[in-house]
file final_3.txt (compact mmCIF, C-alpha atoms)
# COMPACT_ATOMS: atom_id res chain seq x y z
CA MET A 1 129.67 96.13 88.48
CA LYS A 2 126.07 95.47 89.42
CA SER A 3 123.35 97.15 87.45
CA ILE A 4 120.58 98.14 89.85
CA LYS A 5 117.37 99.84 88.86
CA VAL A 6 114.94 101.32 91.37
CA LEU A 7 111.40 101.51 90.09
CA GLY A 8 109.26 104.27 91.55
CA THR A 9 107.10 107.20 90.63
CA GLY A 10 108.81 109.58 93.01
CA CYS A 11 107.27 109.14 96.42
CA ALA A 12 109.30 109.24 99.62
CA ASN A 13 109.67 105.44 99.86
CA CYS A 14 111.24 105.28 96.42
CA LYS A 15 113.76 108.00 97.26
CA ASN A 16 114.61 106.28 100.55
CA THR A 17 115.21 103.02 98.73
CA VAL A 18 117.72 104.70 96.42
CA LYS A 19 119.48 106.29 99.40
CA LEU A 20 119.59 102.99 101.27
CA ILE A 21 121.13 101.12 98.36
CA GLU A 22 123.73 103.85 97.82
CA GLU A 23 124.60 103.80 101.51
CA VAL A 24 125.00 100.05 101.74
CA ALA A 25 126.99 99.95 98.49
CA ARG A 26 129.34 102.61 99.81
CA ALA A 27 129.71 100.90 103.18
CA ARG A 28 130.59 97.63 101.50
CA GLY A 29 132.75 99.16 98.82
CA VAL A 30 130.66 97.59 96.06
CA GLU A 31 130.42 99.46 92.79
CA VAL A 32 126.89 99.81 91.50
CA ALA A 33 125.31 101.45 88.48
CA LEU A 34 122.18 102.82 90.11
CA GLU A 35 119.36 103.96 87.88
CA LYS A 36 116.02 105.40 88.94
CA ILE A 37 113.09 104.60 86.67
CA GLU A 38 110.14 106.92 87.10
CA ASP A 39 108.25 106.41 83.87
CA ILE A 40 105.19 104.35 84.66
CA ARG A 41 105.22 102.44 81.38
CA GLN A 42 108.79 101.30 81.91
CA ILE A 43 107.95 100.35 85.48
CA MET A 44 105.06 98.24 84.29
CA SER A 45 107.29 96.41 81.84
CA TYR A 46 108.81 94.69 84.88
CA LYS A 47 105.34 93.58 85.94
CA VAL A 48 105.69 94.68 89.55
CA MET A 49 102.54 95.24 91.56
CA ALA A 50 103.86 97.71 94.07
CA THR A 51 106.55 100.34 94.21
CA PRO A 52 109.30 100.85 95.14
CA GLY A 53 110.68 97.98 93.13
CA VAL A 54 114.28 96.88 92.78
CA VAL A 55 115.70 95.20 89.69
CA ILE A 56 119.21 93.75 89.77
CA ASP A 57 120.78 92.59 86.51
CA GLY A 58 117.38 92.35 84.92
CA GLN A 59 115.69 90.37 87.72
CA VAL A 60 113.04 91.82 90.03
CA VAL A 61 114.28 91.17 93.57
CA HIS A 62 111.91 93.34 95.55
CA ALA A 63 108.58 95.10 95.19
CA GLY A 64 106.64 97.11 97.72
CA GLY A 65 107.90 99.22 100.60
CA VAL A 66 111.47 100.15 101.41
CA PRO A 67 113.51 96.91 101.54
CA ALA A 68 115.01 95.94 104.88
CA ARG A 69 118.68 96.79 105.25
CA SER A 70 119.54 93.13 105.68
CA LYS A 71 117.88 92.38 102.37
CA VAL A 72 119.90 95.06 100.57
CA GLU A 73 123.09 93.78 102.16
CA GLY A 74 122.21 90.33 100.88
CA TRP A 75 122.13 91.63 97.33
CA LEU A 76 125.50 93.32 97.51
CA MET B 1 139.54 65.34 118.69
CA ASN B 2 138.51 66.84 115.44
CA HIS B 3 134.97 67.88 115.84
CA THR B 4 134.04 71.50 115.68
CA GLN B 5 131.51 72.79 118.09
CA GLU B 6 128.59 74.59 116.56
CA LEU B 7 127.60 77.59 118.53
CA VAL B 8 123.98 78.53 118.67
CA SER B 9 124.21 82.07 117.39
CA PRO B 10 121.75 84.63 118.70
CA ALA B 11 120.55 84.99 115.15
CA ALA B 12 119.31 81.41 114.93
CA PRO B 13 115.52 81.32 114.71
CA GLY B 14 115.26 78.96 117.65
CA TYR B 15 116.68 81.69 119.84
CA ARG B 16 114.77 84.68 118.51
CA LEU B 17 111.23 83.39 118.63
CA PRO B 18 111.05 82.95 122.41
CA ARG B 19 112.58 86.40 122.80
CA TRP B 20 109.94 87.93 120.55
CA LEU B 21 107.15 86.16 122.38
CA ALA B 22 108.46 87.25 125.75
CA GLY B 23 108.89 90.80 124.52
CA ILE B 24 105.35 90.89 123.16
CA ALA B 25 103.94 89.50 126.41
CA VAL B 26 105.69 92.15 128.50
CA ALA B 27 104.78 94.94 126.11
CA SER B 28 101.11 93.89 126.04
CA LEU B 29 100.98 93.92 129.82
CA ALA B 30 102.57 97.35 130.03
CA TRP B 31 100.18 98.55 127.34
CA LEU B 32 97.12 97.35 129.22
CA VAL B 33 98.26 98.87 132.49
CA LEU B 34 98.96 102.24 130.91
CA TYR B 35 95.79 102.25 128.87
CA SER B 36 93.51 101.59 131.82
CA HIS B 37 94.98 104.44 133.83
CA LEU B 38 95.02 107.20 131.24
CA SER B 39 92.30 109.29 132.81
CA GLU B 40 93.92 109.23 136.23
CA LEU B 41 97.27 110.13 134.69
CA ALA B 42 95.75 113.10 132.90
CA ASP B 43 93.94 114.23 136.04
CA ALA B 44 97.12 114.01 138.07
CA LEU B 45 99.14 115.96 135.51
CA VAL B 46 96.55 118.70 135.21
CA ALA B 47 96.38 119.03 139.00
CA ALA B 48 100.18 119.14 139.15
CA MET B 49 100.08 122.06 136.73
CA GLY B 50 97.79 123.85 139.13
CA LEU B 51 94.88 123.94 136.70
CA SER B 52 91.25 123.12 137.21
CA ARG B 53 89.15 121.27 134.68
CA ALA B 54 86.45 123.84 135.16
CA THR B 55 88.46 126.36 133.18
CA HIS B 56 88.77 126.40 129.38
CA LEU B 57 92.54 126.02 129.57
CA GLY B 58 92.36 123.25 132.11
CA GLU B 59 89.82 121.34 130.05
CA ALA B 60 91.78 121.77 126.85
CA ILE B 61 94.99 120.57 128.48
CA HIS B 62 93.26 117.62 130.06
CA PHE B 63 91.90 116.62 126.65
CA PHE B 64 95.39 116.82 125.20
CA LEU B 65 97.08 114.89 128.00
CA TYR B 66 94.43 112.20 127.98
CA ASP B 67 94.15 111.75 124.25
CA THR B 68 97.78 111.88 123.21
CA PRO B 69 98.99 108.77 125.05
CA LYS B 70 95.69 107.04 124.34
CA VAL B 71 95.88 107.59 120.61
CA LEU B 72 99.57 106.70 120.45
CA LEU B 73 99.02 103.50 122.41
CA LEU B 74 96.13 102.41 120.23
CA LEU B 75 97.96 103.31 117.07
CA THR B 76 101.02 101.31 118.07
CA GLY B 77 99.02 98.29 119.13
CA ILE B 78 96.75 98.09 116.13
CA VAL B 79 99.39 98.98 113.55
CA PHE B 80 101.62 96.24 114.97
CA LEU B 81 98.84 93.67 114.68
CA MET B 82 97.97 94.86 111.21
CA GLY B 83 101.59 94.67 110.12
CA ILE B 84 101.54 91.00 111.06
CA VAL B 85 98.22 90.36 109.32
CA GLN B 86 99.55 91.99 106.19
CA THR B 87 102.36 89.48 105.96
CA PHE B 88 99.68 86.92 105.15
CA PHE B 89 98.51 88.97 102.21
CA SER B 90 100.32 90.52 99.31
CA PRO B 91 99.16 92.26 96.13
CA GLU B 92 100.11 89.12 94.19
CA ARG B 93 98.05 86.88 96.43
CA THR B 94 95.10 89.25 96.39
CA ARG B 95 95.26 89.35 92.62
CA ALA B 96 95.33 85.58 92.44
CA LEU B 97 92.31 85.44 94.74
CA LEU B 98 90.38 87.98 92.70
CA SER B 99 91.14 87.04 89.12
CA GLY B 100 88.20 85.45 87.44
CA LYS B 101 85.76 86.16 90.25
CA ARG B 102 82.30 87.20 89.14
CA VAL B 103 81.23 90.79 89.43
CA GLY B 104 79.28 91.15 92.67
CA ALA B 105 81.03 88.51 94.75
CA GLY B 106 84.28 89.86 93.36
CA ASN B 107 83.46 93.38 94.51
CA VAL B 108 82.73 92.24 98.03
CA MET B 109 85.93 90.23 98.17
CA ALA B 110 87.98 93.04 96.64
CA ALA B 111 86.71 95.57 99.15
CA SER B 112 87.40 93.22 102.06
CA LEU B 113 90.88 92.38 100.79
CA GLY B 114 91.53 96.09 100.40
CA ILE B 115 91.57 96.35 104.16
CA VAL B 116 94.25 93.74 104.79
CA THR B 117 96.47 93.99 101.74
CA PRO B 118 99.41 96.32 102.18
CA PHE B 119 98.89 99.36 100.03
CA CYS B 120 100.70 102.61 99.53
CA SER B 121 99.13 105.23 97.32
CA CYS B 122 102.13 105.45 95.03
CA SER B 123 101.58 101.77 94.20
CA ALA B 124 98.06 102.55 92.99
CA VAL B 125 98.91 102.41 89.30
CA PRO B 126 101.14 99.30 89.26
CA LEU B 127 98.59 97.51 91.36
CA PHE B 128 95.68 98.67 89.24
CA ILE B 129 97.33 97.50 86.05
CA GLY B 130 98.56 94.31 87.64
CA PHE B 131 95.00 93.41 88.60
CA LEU B 132 93.56 94.24 85.19
CA SER B 133 96.18 92.26 83.33
CA ALA B 134 95.36 89.20 85.43
CA GLY B 135 91.75 89.32 84.41
CA VAL B 136 90.28 91.08 87.43
CA PRO B 137 87.27 93.10 86.10
CA LEU B 138 87.55 96.90 86.11
CA GLY B 139 84.76 97.40 88.65
CA VAL B 140 86.23 94.84 91.04
CA THR B 141 89.64 96.51 90.78
CA PHE B 142 88.01 99.81 91.65
CA SER B 143 86.35 98.30 94.70
CA PHE B 144 89.79 97.39 95.91
CA LEU B 145 91.24 100.77 95.05
CA ILE B 146 88.52 102.58 96.99
CA ALA B 147 88.60 100.39 100.08
CA ALA B 148 92.36 100.18 100.47
CA PRO B 149 93.23 103.78 101.35
CA MET B 150 89.94 104.56 103.03
CA VAL B 151 89.34 101.64 105.35
CA ASN B 152 92.80 101.43 106.78
CA GLU B 153 93.89 100.21 110.16
CA VAL B 154 95.00 103.64 111.32
CA ALA B 155 91.53 105.10 110.79
CA LEU B 156 89.86 102.13 112.44
CA ALA B 157 92.26 102.09 115.37
CA LEU B 158 91.70 105.73 116.11
CA LEU B 159 87.94 105.63 115.68
CA PHE B 160 87.78 102.61 117.96
CA GLY B 161 89.88 104.34 120.57
CA LEU B 162 88.14 107.66 120.54
CA PHE B 163 84.55 106.65 119.93
CA GLY B 164 84.18 103.02 120.81
CA TRP B 165 83.73 99.91 118.74
CA LYS B 166 80.32 100.86 117.39
CA VAL B 167 81.62 103.89 115.53
CA ALA B 168 84.60 101.95 114.23
CA VAL B 169 82.35 99.17 112.94
CA LEU B 170 80.10 101.82 111.41
CA TYR B 171 82.98 103.38 109.52
CA LEU B 172 84.12 99.94 108.40
CA GLY B 173 80.63 99.09 107.16
CA MET B 174 80.18 102.44 105.46
CA GLY B 175 83.56 102.18 103.81
CA LEU B 176 82.98 98.67 102.50
CA LEU B 177 79.53 99.63 101.25
CA VAL B 178 80.82 102.62 99.32
CA ALA B 179 83.69 100.58 97.89
CA ILE B 180 81.47 97.69 96.80
CA VAL B 181 78.65 99.75 95.35
CA ALA B 182 80.92 102.28 93.65
CA GLY B 183 82.87 99.41 92.10
CA LEU B 184 79.69 97.77 90.89
CA VAL B 185 78.41 101.01 89.38
CA ILE B 186 81.67 101.80 87.63
CA GLY B 187 81.86 98.25 86.36
CA ARG B 188 78.36 98.52 84.93
CA MET B 189 79.29 101.67 83.07
CA LYS B 190 81.70 99.68 80.92
CA MET B 191 84.35 102.34 80.90
CA GLU B 192 87.25 100.18 79.78
CA ARG B 193 87.77 102.44 76.78
CA HIS B 194 88.57 105.27 79.15
CA LEU B 195 91.72 103.61 80.31
CA GLU B 196 94.82 105.17 78.82
CA ASP B 197 95.70 103.52 75.50
CA TRP B 198 98.91 101.98 76.72
CA VAL B 199 97.04 100.41 79.63
CA GLN B 200 94.46 98.93 77.30
CA ALA B 201 97.29 97.40 75.32
CA ILE B 202 98.64 95.61 78.40
CA HIS B 203 95.20 94.55 79.55
CA ALA B 204 95.35 91.27 77.68
CA GLY B 205 95.32 88.28 80.02
CA GLU B 206 98.85 88.06 81.36
CA ALA B 207 98.32 86.22 84.60
CA GLN B 208 101.57 85.79 86.52
CA PRO B 209 101.98 82.57 88.43
CA PHE B 210 102.08 83.48 92.08
CA ALA B 211 105.36 82.75 93.80
CA GLY B 212 104.57 83.13 97.48
CA GLU B 213 107.10 83.90 100.20
CA ARG B 214 106.93 81.66 103.23
CA LEU B 215 107.72 83.77 106.23
CA SER B 216 108.66 82.57 109.69
CA TRP B 217 106.88 83.96 112.72
CA VAL B 218 109.98 85.90 113.66
CA GLN B 219 109.91 87.57 110.27
CA ARG B 220 106.22 88.34 110.72
CA PHE B 221 106.86 89.96 114.09
CA GLU B 222 109.69 91.95 112.61
CA ALA B 223 107.41 93.09 109.80
CA GLY B 224 104.83 94.15 112.37
CA TRP B 225 107.39 96.16 114.27
CA HIS B 226 108.75 97.64 111.05
CA HIS B 227 105.20 98.68 110.18
CA VAL B 228 104.90 100.44 113.54
CA THR B 229 108.13 102.38 113.22
CA GLU B 230 107.30 103.26 109.64
CA ILE B 231 103.82 104.58 110.36
CA VAL B 232 104.12 106.06 113.82
CA ALA B 233 107.29 107.89 112.84
CA LYS B 234 105.50 109.46 109.91
CA VAL B 235 102.26 110.17 111.61
CA TRP B 236 102.91 111.34 115.18
CA PRO B 237 103.32 115.06 114.36
CA TYR B 238 99.94 115.01 112.68
CA VAL B 239 98.42 113.20 115.62
CA LEU B 240 99.80 115.70 118.09
CA ALA B 241 98.77 118.67 115.97
CA GLY B 242 95.33 117.19 115.45
CA ILE B 243 94.86 116.52 119.15
CA ALA B 244 96.07 120.00 120.05
CA LEU B 245 93.56 121.47 117.62
CA GLY B 246 90.90 119.17 119.00
CA ALA B 247 91.85 120.23 122.51
CA GLY B 248 91.43 123.86 121.58
CA ILE B 249 88.02 123.21 120.08
CA HIS B 250 87.07 121.05 123.03
CA GLY B 251 88.04 123.61 125.61
CA TYR B 252 87.03 126.82 123.94
CA VAL B 253 84.29 126.31 121.39
CA PRO B 254 80.87 126.35 123.02
CA GLN B 255 78.89 123.14 123.19
CA ASP B 256 76.51 122.70 120.30
CA PHE B 257 78.28 125.32 118.24
CA MET B 258 78.71 122.74 115.52
CA ALA B 259 75.14 121.57 115.81
CA SER B 260 73.88 124.57 113.92
CA ILE B 261 76.31 124.05 111.07
CA MET B 262 76.80 120.31 110.97
CA GLY B 263 73.87 119.11 112.98
CA ARG B 264 71.27 116.63 111.86
CA ASP B 265 68.78 119.21 110.68
CA ALA B 266 71.07 121.03 108.31
CA TRP B 267 70.31 119.05 105.13
CA TRP B 268 73.08 120.73 103.21
CA ALA B 269 75.67 119.75 105.80
CA VAL B 270 76.39 116.35 104.26
CA PRO B 271 77.00 117.52 100.68
CA ALA B 272 79.00 120.46 102.01
CA ALA B 273 81.09 118.12 104.12
CA VAL B 274 81.79 115.82 101.17
CA VAL B 275 82.64 118.68 98.81
CA LEU B 276 84.87 120.24 101.45
CA GLY B 277 86.64 116.96 101.92
CA VAL B 278 87.54 116.33 98.29
CA PRO B 279 90.34 118.90 97.89
CA MET B 280 91.60 118.26 101.38
CA TYR B 281 93.98 115.52 102.07
CA THR B 282 95.44 114.34 105.28
CA ASN B 283 96.22 110.92 106.52
CA ALA B 284 93.71 109.20 108.73
CA ALA B 285 95.55 110.01 111.94
CA GLY B 286 95.59 113.73 111.43
CA ILE B 287 91.91 114.11 110.92
CA ILE B 288 90.53 111.94 113.67
CA PRO B 289 91.10 114.26 116.61
CA ILE B 290 89.35 117.01 114.66
CA VAL B 291 86.53 114.58 114.05
CA GLU B 292 86.38 113.94 117.78
CA ALA B 293 86.16 117.59 118.66
CA LEU B 294 83.48 118.18 116.04
CA ILE B 295 81.33 115.35 117.28
CA GLY B 296 81.85 116.37 120.86
CA LYS B 297 80.37 119.72 119.96
CA GLY B 298 77.18 118.46 118.44
CA ALA B 299 77.99 117.72 114.81
CA ALA B 300 76.01 114.78 113.46
CA LEU B 301 77.93 111.51 113.25
CA GLY B 302 76.93 110.75 109.67
CA THR B 303 78.09 114.13 108.46
CA VAL B 304 81.41 113.95 110.22
CA LEU B 305 82.19 110.42 109.02
CA ALA B 306 81.24 111.46 105.49
CA PHE B 307 83.66 114.34 105.76
CA MET B 308 86.38 112.04 107.01
CA MET B 309 85.84 109.50 104.25
CA SER B 310 85.83 112.22 101.64
CA VAL B 311 89.12 113.63 102.89
CA ILE B 312 90.86 110.27 102.94
CA ALA B 313 89.38 108.51 99.93
CA LEU B 314 89.44 111.33 97.42
CA SER B 315 92.73 113.10 97.35
CA ALA B 316 94.41 115.27 94.77
CA PRO B 317 97.73 113.40 94.98
CA GLU B 318 96.05 110.08 94.23
CA MET B 319 94.11 111.54 91.30
CA ILE B 320 97.32 112.90 89.85
CA ILE B 321 98.92 109.49 90.10
CA LEU B 322 95.90 107.75 88.61
CA ARG B 323 95.86 110.18 85.71
CA LYS B 324 98.78 108.25 84.28
CA ALA B 325 96.59 105.24 83.73
CA LEU B 326 93.07 106.61 83.47
CA LYS B 327 91.61 109.11 81.06
CA PRO B 328 90.01 112.22 82.61
CA ARG B 329 86.48 110.93 82.02
CA LEU B 330 87.14 107.81 84.05
CA ILE B 331 88.77 109.76 86.84
CA ALA B 332 85.84 112.14 86.96
CA THR B 333 83.46 109.19 87.05
CA PHE B 334 85.49 107.63 89.82
CA VAL B 335 85.40 110.79 91.93
CA GLY B 336 81.74 111.36 91.19
CA VAL B 337 80.58 107.87 92.04
CA VAL B 338 82.62 107.68 95.24
CA ALA B 339 81.54 111.16 96.36
CA THR B 340 77.90 110.25 95.72
CA GLY B 341 78.31 107.02 97.62
CA ILE B 342 79.78 108.82 100.60
CA LEU B 343 77.00 111.38 100.42
CA LEU B 344 74.27 108.77 100.49
CA VAL B 345 75.89 106.88 103.30
CA GLY B 346 76.21 110.09 105.29
CA TYR B 347 72.53 110.87 104.88
CA VAL B 348 71.41 107.38 105.75
CA PHE B 349 73.47 107.48 108.88
CA ASN B 350 72.09 110.73 110.06
CA LEU B 351 68.61 109.38 109.52
CA VAL B 352 69.17 106.06 111.17
CA LEU B 353 71.10 107.12 114.24
call {"tool": "encode", "arguments": {"input": "final_3.txt", "output": "structure tokens"}}
result
Amino acid sequence: MKSIKVLGTGCANCKNTVKLIEEVARARGVEVALEKIEDIRQIMSYKVMATPGVVIDGQVVHAGGVPARSKVEGWL
Amino acid sequence: MNHTQELVSPAAPGYRLPRWLAGIAVASLAWLVLYSHLSELADALVAAMGLSRATHLGEAIHFFLYDTPKVLLLLTGIVFLMGIVQTFFSPERTRALLSGKRVGAGNVMAASLGIVTPFCSCSAVPLFIGFLSAGVPLGVTFSFLIAAPMVNEVALALLFGLFGWKVAVLYLGMGLLVAIVAGLVIGRMKMERHLEDWVQAIHAGEAQPFAGERLSWVQRFEAGWHHVTEIVAKVWPYVLAGIALGAGIHGYVPQDFMASIMGRDAWWAVPAAVVLGVPMYTNAAGIIPIVEALIGKGAALGTVLAFMMSVIALSAPEMIILRKALKPRLIATFVGVVATGILLVGYVFNLVL
């Protein structure tokens, strides 16, 4: 099971990113452990420069803006 | 025979680029044709409704029918171009360009980069901290933070469309000036101790090596289009509402009504405009049609642009977000310096124009 963290302080883009990942995971039947990180200090520990950010299994795979659907599909 | 035939899939880059280029060529042509006939279109529609421009209602409706397609066309065109330009810049690249630059030159560069680097206000804190931890001075970081939301392509596109290139260039110049000077002033004040403690702890020279993404032109075009759908989808209700309001003011409020309140001679108009703008927040698109109606009714240009800058640059939501990284004193200083800068620029403009 993939461990996916979405980094964001709660703006619309961050929420949309979570929804998008859930949707794609469901469509592909992939099980994910999705976690939303809103605490700014924790977000900064990943050293991203823009939110929303996506961390999969400890690696930052995306930062800034809602990721394109094709990109999310590539992860799952 | 054993060979397999490779099909050129429609997804192969060699196939998509010509399609994109053709699409852009056709769209640009259509855009130009539409744009140059907006007035006639509006006239025709108003006549078809059986209204005369001599009446308040007719004039208001004409304003609406002329401005709505005009603004939407400009917005789409410029946002698309900007989306492409932004693929050449990223926060990481901007940081790499700025780290270690001297105060002064750094401020100018930061403010200029603020215009082309993609920025969303919820990224303000990560970006802020990212810059600091790479050795970008506090004042220079602020120059970026002020320019980015304020001098954005939406504001410039709309100002250009509704007032001509001179006003757009004016706003650009004013915005850069405020960003540069405010950043310099804040830098001089040596307020690093007013960063939240946890931020000060990070602020210790952790420059990340920049791993750039090489994008193909097809990806850049897609990003541009994505930018358009993202922004126009969010912004069009505000644009329509703003234009409708502007149309009402245009058709019904007497000429020069604003001159008494916001005209050049009312010395208190500029500070009032700036103060009024601080608690207000709307995106650039929403406020521009109001700006148009105000100017059309005699309000001084400097005052109105000051109001606009104040509304966009100083917003309660952004202050709340920044509060997580900055102590109240620094936030207050930030607001104060920027507001003062906008004030001064507003005055100078009224004097000069």
call {"tool": "closest_atom_pairs", "arguments": {"input": "final_3.txt", "of": "segment 145-255 of chain B", "to": "segment 14-21 of chain B", "cutoff": "8 Å", "atoms": "only C-alpha atoms", "output": "Markdown table"}}
result
| residue | atom | partner | partner_atom | distance |
| --- | --- | --- | --- | --- |
| B:Trp217 | CA | B:Leu17 | CA | 7.4 |
| B:Val218 | CA | B:Leu17 | CA | 5.7 |
| B:Phe221 | CA | B:Trp20 | CA | 7.4 |
call {"tool": "residues_around", "arguments": {"input": "final_3.txt", "residues": "Pro118 of chain B", "least_positions_apart": "2", "cutoff": "7 Å", "atoms": "all atoms listed in the file", "output": "ChimeraX atom specification"}}
result
/B:86,90,116,120
call {"tool": "residues_around", "arguments": {"input": "final_3.txt", "residues": "Ser70 of chain A", "least_positions_apart": "3", "cutoff": "12 Å", "atoms": "all atoms listed in the file", "output": "list in words"}}
result
Leu20, Ile21, Val24, Val66, Pro67, Glu73, Gly74, Trp75 and Leu76 of chain A
call {"tool": "write_last_selection", "arguments": {"input": "final_3.txt", "atoms": "C-alpha atoms", "output": "PDB file, keeping the file's coordinate frame"}}
result
ATOM      1  CA  LEU A  20     119.590 102.990 101.270  1.00  0.00           C
ATOM      2  CA  ILE A  21     121.130 101.120  98.360  1.00  0.00           C
ATOM      3  CA  VAL A  24     125.000 100.050 101.740  1.00  0.00           C
ATOM      4  CA  VAL A  66     111.470 100.150 101.410  1.00  0.00           C
ATOM      5  CA  PRO A  67     113.510  96.910 101.540  1.00  0.00           C
ATOM      6  CA  GLU A  73     123.090  93.780 102.160  1.00  0.00           C
ATOM      7  CA  GLY A  74     122.210  90.330 100.880  1.00  0.00           C
ATOM      8  CA  TRP A  75     122.130  91.630  97.330  1.00  0.00           C
ATOM      9  CA  LEU A  76     125.500  93.320  97.510  1.00  0.00           C
TER      10      LEU A  76
END
call {"tool": "closest_atom_pairs", "arguments": {"input": "final_3.txt", "of": "chain A", "to": "chain B", "cutoff": "12 Å", "atoms": "all atoms listed in the file", "output": "tab-separated table"}}
result
residue	atom	partner	partner_atom	distance
A:Leu7	CA	B:Pro126	CA	10.5
A:Gly8	CA	B:Cys122	CA	8.0
A:Thr9	CA	B:Cys122	CA	6.9
A:Gly10	CA	B:Cys122	CA	8.1
A:Cys11	CA	B:Cys122	CA	6.5
A:Ala12	CA	B:Cys122	CA	9.3
A:Asn13	CA	B:Cys122	CA	9.0
A:Cys14	CA	B:Cys122	CA	9.2
A:Glu38	CA	B:Cys122	CA	11.4
A:Asp39	CA	B:Lys324	CA	9.7
A:Ile40	CA	B:Lys324	CA	7.5
A:Arg41	CA	B:Trp198	CA	7.9
A:Gln42	CA	B:Pro126	CA	10.8
A:Ile43	CA	B:Pro126	CA	7.9
A:Met44	CA	B:Pro126	CA	6.4
A:Ser45	CA	B:Ile202	CA	9.3
A:Tyr46	CA	B:Pro126	CA	10.0
A:Lys47	CA	B:Gly130	CA	7.0
A:Val48	CA	B:Pro126	CA	6.5
A:Met49	CA	B:Leu127	CA	4.6
A:Ala50	CA	B:Ser123	CA	4.7
A:Thr51	CA	B:Ser123	CA	5.2
A:Pro52	CA	B:Ser123	CA	7.8
A:Gly53	CA	B:Ser123	CA	9.9
A:His62	CA	B:Glu213	CA	11.6
A:Ala63	CA	B:Ser123	CA	9.7
A:Gly64	CA	B:Ser123	CA	7.7
A:Gly65	CA	B:Cys120	CA	8.0
A:Val66	CA	B:Glu230	CA	9.7
A:Pro67	CA	B:His226	CA	10.7
A:Ala68	CA	B:His226	CA	9.0
A:Arg69	CA	B:His226	CA	11.5
call {"tool": "atom_distance", "arguments": {"input": "final_3.txt", "atom1": "atom CA of Phe307 of chain B", "atom2": "atom CA of Ala273 of chain B"}}
result
4.9 Å
call {"tool": "build_atoms", "arguments": {"input": "final_3.txt", "residues": "segment 141-152 of chain B", "atoms": "N, CA and C atoms", "output": "PDB file, in the coordinates of the input"}}
result
ATOM      1  N   THR B 141      88.369  95.830  90.480  1.00  0.00           N
ATOM      2  CA  THR B 141      89.640  96.510  90.780  1.00  0.00           C
ATOM      3  C   THR B 141      89.371  97.833  91.476  1.00  0.00           C
ATOM      4  N   PHE B 142      88.348  98.541  91.019  1.00  0.00           N
ATOM      5  CA  PHE B 142      88.010  99.810  91.650  1.00  0.00           C
ATOM      6  C   PHE B 142      87.547  99.609  93.086  1.00  0.00           C
ATOM      7  N   SER B 143      86.778  98.564  93.328  1.00  0.00           N
ATOM      8  CA  SER B 143      86.350  98.300  94.700  1.00  0.00           C
ATOM      9  C   SER B 143      87.551  98.195  95.610  1.00  0.00           C
ATOM     10  N   PHE B 144      88.574  97.518  95.119  1.00  0.00           N
ATOM     11  CA  PHE B 144      89.790  97.390  95.910  1.00  0.00           C
ATOM     12  C   PHE B 144      90.445  98.752  96.118  1.00  0.00           C
ATOM     13  N   LEU B 145      90.544  99.494  95.019  1.00  0.00           N
ATOM     14  CA  LEU B 145      91.240 100.770  95.050  1.00  0.00           C
ATOM     15  C   LEU B 145      90.567 101.788  95.959  1.00  0.00           C
ATOM     16  N   ILE B 146      89.239 101.652  96.121  1.00  0.00           N
ATOM     17  CA  ILE B 146      88.520 102.580  96.990  1.00  0.00           C
ATOM     18  C   ILE B 146      88.678 102.161  98.438  1.00  0.00           C
ATOM     19  N   ALA B 147      88.544 100.872  98.692  1.00  0.00           N
ATOM     20  CA  ALA B 147      88.600 100.390 100.080  1.00  0.00           C
ATOM     21  C   ALA B 147      89.985 100.541 100.686  1.00  0.00           C
ATOM     22  N   ALA B 148      91.008 100.256  99.897  1.00  0.00           N
ATOM     23  CA  ALA B 148      92.360 100.180 100.470  1.00  0.00           C
ATOM     24  C   ALA B 148      92.815 101.440 101.212  1.00  0.00           C
ATOM     25  N   PRO B 149      92.774 102.619 100.581  1.00  0.00           N
ATOM     26  CA  PRO B 149      93.230 103.780 101.350  1.00  0.00           C
ATOM     27  C   PRO B 149      92.235 104.213 102.413  1.00  0.00           C
ATOM     28  N   MET B 150      90.954 104.001 102.162  1.00  0.00           N
ATOM     29  CA  MET B 150      89.940 104.560 103.030  1.00  0.00           C
ATOM     30  C   MET B 150      89.746 103.755 104.314  1.00  0.00           C
ATOM     31  N   VAL B 151      89.572 102.445 104.159  1.00  0.00           N
ATOM     32  CA  VAL B 151      89.340 101.640 105.350  1.00  0.00           C
ATOM     33  C   VAL B 151      90.679 101.075 105.788  1.00  0.00           C
ATOM     34  N   ASN B 152      91.494 101.914 106.372  1.00  0.00           N
ATOM     35  CA  ASN B 152      92.800 101.430 106.780  1.00  0.00           C
ATOM     36  C   ASN B 152      92.871 101.313 108.291  1.00  0.00           C
TER      37      ASN B 152
END
